Amino acid sequence: MEHMNNSKGKYNQWRAMLAIAKASLKSIFRSPSAVIFSFLFPIIFILVFGFLSSTTPVIRVTFDPASSNKNELYTKLIEKSNLKVITQPMLISRQELEKGHITAIINIKQINPAAYPKYAVEITTSTAAADRIGLLQSIIQQAIAELDLVNFPQRPSYAYMQKETLPGREYRTIDFILPGQLGFSLLSAGVFGVAFIFFNLRQTLVLKRFFATPIKRTYIVFGEGLGRIAFQMITAVVILSIGHFAFKFTLVNGMVTFIELMVLSLIGLIVFMGFGFIVSGLASSESTIPPFANLVTLPQFLLAGTFFPVENFPTWLQPLCRILPLTHLNQAMRNVAFEGAHLNDCWPQLQYLLIWGIVVYAAAIKVFKWE
């Protein structure tokens with residue numbers, strides 16, 4: 001009896017946890033569905049968008065505060081369905097311009113109230129918007145031509161254009177798409193992966209067998225979670241590597257940016273795993289897991305800025321989009337990768353993820369079942 005007590009006292013909880021993590025990681029790699037959802041689907045989307053040679057981007061512009069906007073040309077421009085006018089202070093607008101978030105700053109300048117041309121349209125753009133500026137110029141020229149043709153066909157043009165180009169980084173489609181795909185991969189793995197793993201562990205009585213060993217329940221959860229985290233971090237490395245080396249995905253500060261993206265991936269995955277624990281606790285059978293999981297993942301896949309900016313949604317829907325945790329993870333990743341922000345600059349997004357984490361794990365503790 002004394003020998004048994006001494007042996008029990010020497011039982012190493014950490015070694016047991018790491019053994020569970022290792023076994024869990026092996027089982028994940030042996031699961032075709034886990035590999036497909038975590039690796040294959042995000043990579044397919046990255047390949048599709050990476051090989052796109054031409055797209056029709058949303059033309060986001062802002063008007064200079066000094067712009068003369070009480071005229072027919074301004075009215076024509078804001079009526080164009082493919083122009084999205086952003087209202088921002090001048091300083092922020094220039095920063096957004098250099099990053100390629102907006103295509104141009106437009107200044108309609110009155111040059112001669114009594115004769116034609118009456119206005120000069122000054123366009124300030126950057127090299128980051130090189131793929132969109134041609135389309136914007138065509139839109140403005142079309143608006144001017146419509147005014148000339150309908151109202152004054154025999155006189156000089158109503159207005160003419162001038163363009164100034166600022167230096168900026170080229171903003172590729174992959175720079176927007178890849179963070180969204182990485183975020184969704186983390187969300188899917190956290191929700192579906194954790195839900196199925198712990199439900200199956202209960203159903204196959206593996207958890208019950210664990211209880212017969214000296215390992216504590218907390219270490220069982222940590223061990224399984226560590227296996228899932230290790231697998232998904234490998235996935236994140238693969239996705240970022242393919243995006244950067246094959247399609248020139250921007251890592252503006254090189255390895256520092258890569259490490260910060262990995263930290264964000266880890267934070268996001270931990271939050272999303274909480275949803276998986278909730279789904280696992282609520283599901284009464286394996287067939288009920290996908291409906292519960294899709295209630296969490298599908299709205300975020302569609303509304304969290306995975307494929308296109310949240311600003312493209314109707315105004316009434318945007319507040320809902322900005323509540324979702326994936327929205328803030330995607331935004332933080334894009335800020336770090338392309339804009340050169342650091343983790344401390346992403347504190348607003350991290351606050352939202354922290355709040356979601358607290359709420360989700362509080363709910364998970366309430367509904368999670370061991371048996």
# chains A, B, ... in the order shown; residues from 1 in each chain; ligands from 1
call {"tool": "residues_around", "arguments": {"residues": "segment 367-369 of chain A", "least_positions_apart": "5", "cutoff": "8 Å", "atoms": "only C-alpha atoms", "output": "short mmCIF file (atom, residue, chain, number, x, y, z; two decimals) with C-alpha atoms, in the first residue's frame"}}
result
data_model
loop_
_atom_site.label_atom_id
_atom_site.label_comp_id
_atom_site.auth_asym_id
_atom_site.auth_seq_id
_atom_site.Cartn_x
_atom_site.Cartn_y
_atom_site.Cartn_z
CA PHE A 277 -16.88 23.51 -26.04
CA ILE A 278 -20.37 25.08 -26.01
CA SER A 280 -20.04 19.92 -27.62
CA GLY A 281 -22.03 20.48 -24.45
CA LEU A 282 -25.29 21.31 -26.21
#
call {"tool": "select_by_dssp", "arguments": {"residues": "segment 136-295 of chain A", "states": "strand (DSSP E)", "output": "MDAnalysis selection string"}}
result
chainID A and resid 159:166
call {"tool": "atom_distance", "arguments": {"atom1": "atom CA of Leu354 of chain A", "atom2": "atom CA of Asn294 of chain A"}}
result
22.3 Å
call {"tool": "residues_around", "arguments": {"residues": "Glu72 of chain A", "least_positions_apart": "4", "cutoff": "12 Å", "atoms": "only C-alpha atoms", "output": "PyMOL selection string"}}
result
chain A and resi 68+76-79+108+118-119+143-144+146-148+150-151+158-159
call {"tool": "atom_distance", "arguments": {"atom1": "atom CA of Ile20 of chain A", "atom2": "atom CA of Gly223 of chain A"}}
result
5.1 Å
call {"tool": "closest_atom_pairs", "arguments": {"of": "segment 175-201 of chain A", "to": "segment 248-263 of chain A", "cutoff": "10 Å", "atoms": "only C-alpha atoms", "output": "tab-separated table"}}
result
residue	atom	partner	partner_atom	distance
A:Asp175	CA	A:Phe249	CA	5.5
A:Phe176	CA	A:Phe249	CA	9.1
A:Ile177	CA	A:Phe249	CA	9.6
A:Leu178	CA	A:Phe249	CA	7.8
A:Pro179	CA	A:Leu261	CA	9.1
A:Leu182	CA	A:Leu261	CA	10.0
call {"tool": "atom_distance", "arguments": {"atom1": "atom CA of Leu149 of chain A", "atom2": "atom CA of Ala66 of chain A"}}
result
27.6 Å
call {"tool": "closest_residue", "arguments": {"among": "A:Glu98, A:Ala115, A:Phe272, A:Thr75", "to": "Trp356 of chain A", "atoms": "only C-alpha atoms"}}
result
A:Phe272
call {"tool": "closest_residue", "arguments": {"among": "A:Leu266, A:Ile59, A:Cys346, A:Cys321", "to": "Ile234 of chain A", "atoms": "only C-alpha atoms"}}
result
A:Leu266
call {"tool": "select_by_dssp", "arguments": {"residues": "segment 250-356 of chain A", "states": "alpha helix (DSSP H)", "output": "number ranges by chain"}}
result
A: 255-282, 289-303, 318-321, 325-337, 347-356
call {"tool": "closest_residue", "arguments": {"among": "A:Leu329, A:Val206, A:Ala337, A:Val271", "to": "Leu240 of chain A", "atoms": "only C-alpha atoms"}}
result
A:Ala337
call {"tool": "residues_around", "arguments": {"residues": "Thr62 of chain A", "least_positions_apart": "5", "cutoff": "7 Å", "atoms": "only C-alpha atoms", "output": "list in words"}}
result
Val85, Ile86, Thr87, Ala104, Ile105 and Ile106 of chain A
call {"tool": "closest_residue", "arguments": {"among": "A:Gln162, A:Thr173, A:Ser188, A:Gln232", "to": "Pro309 of chain A", "atoms": "only C-alpha atoms"}}
result
A:Thr173
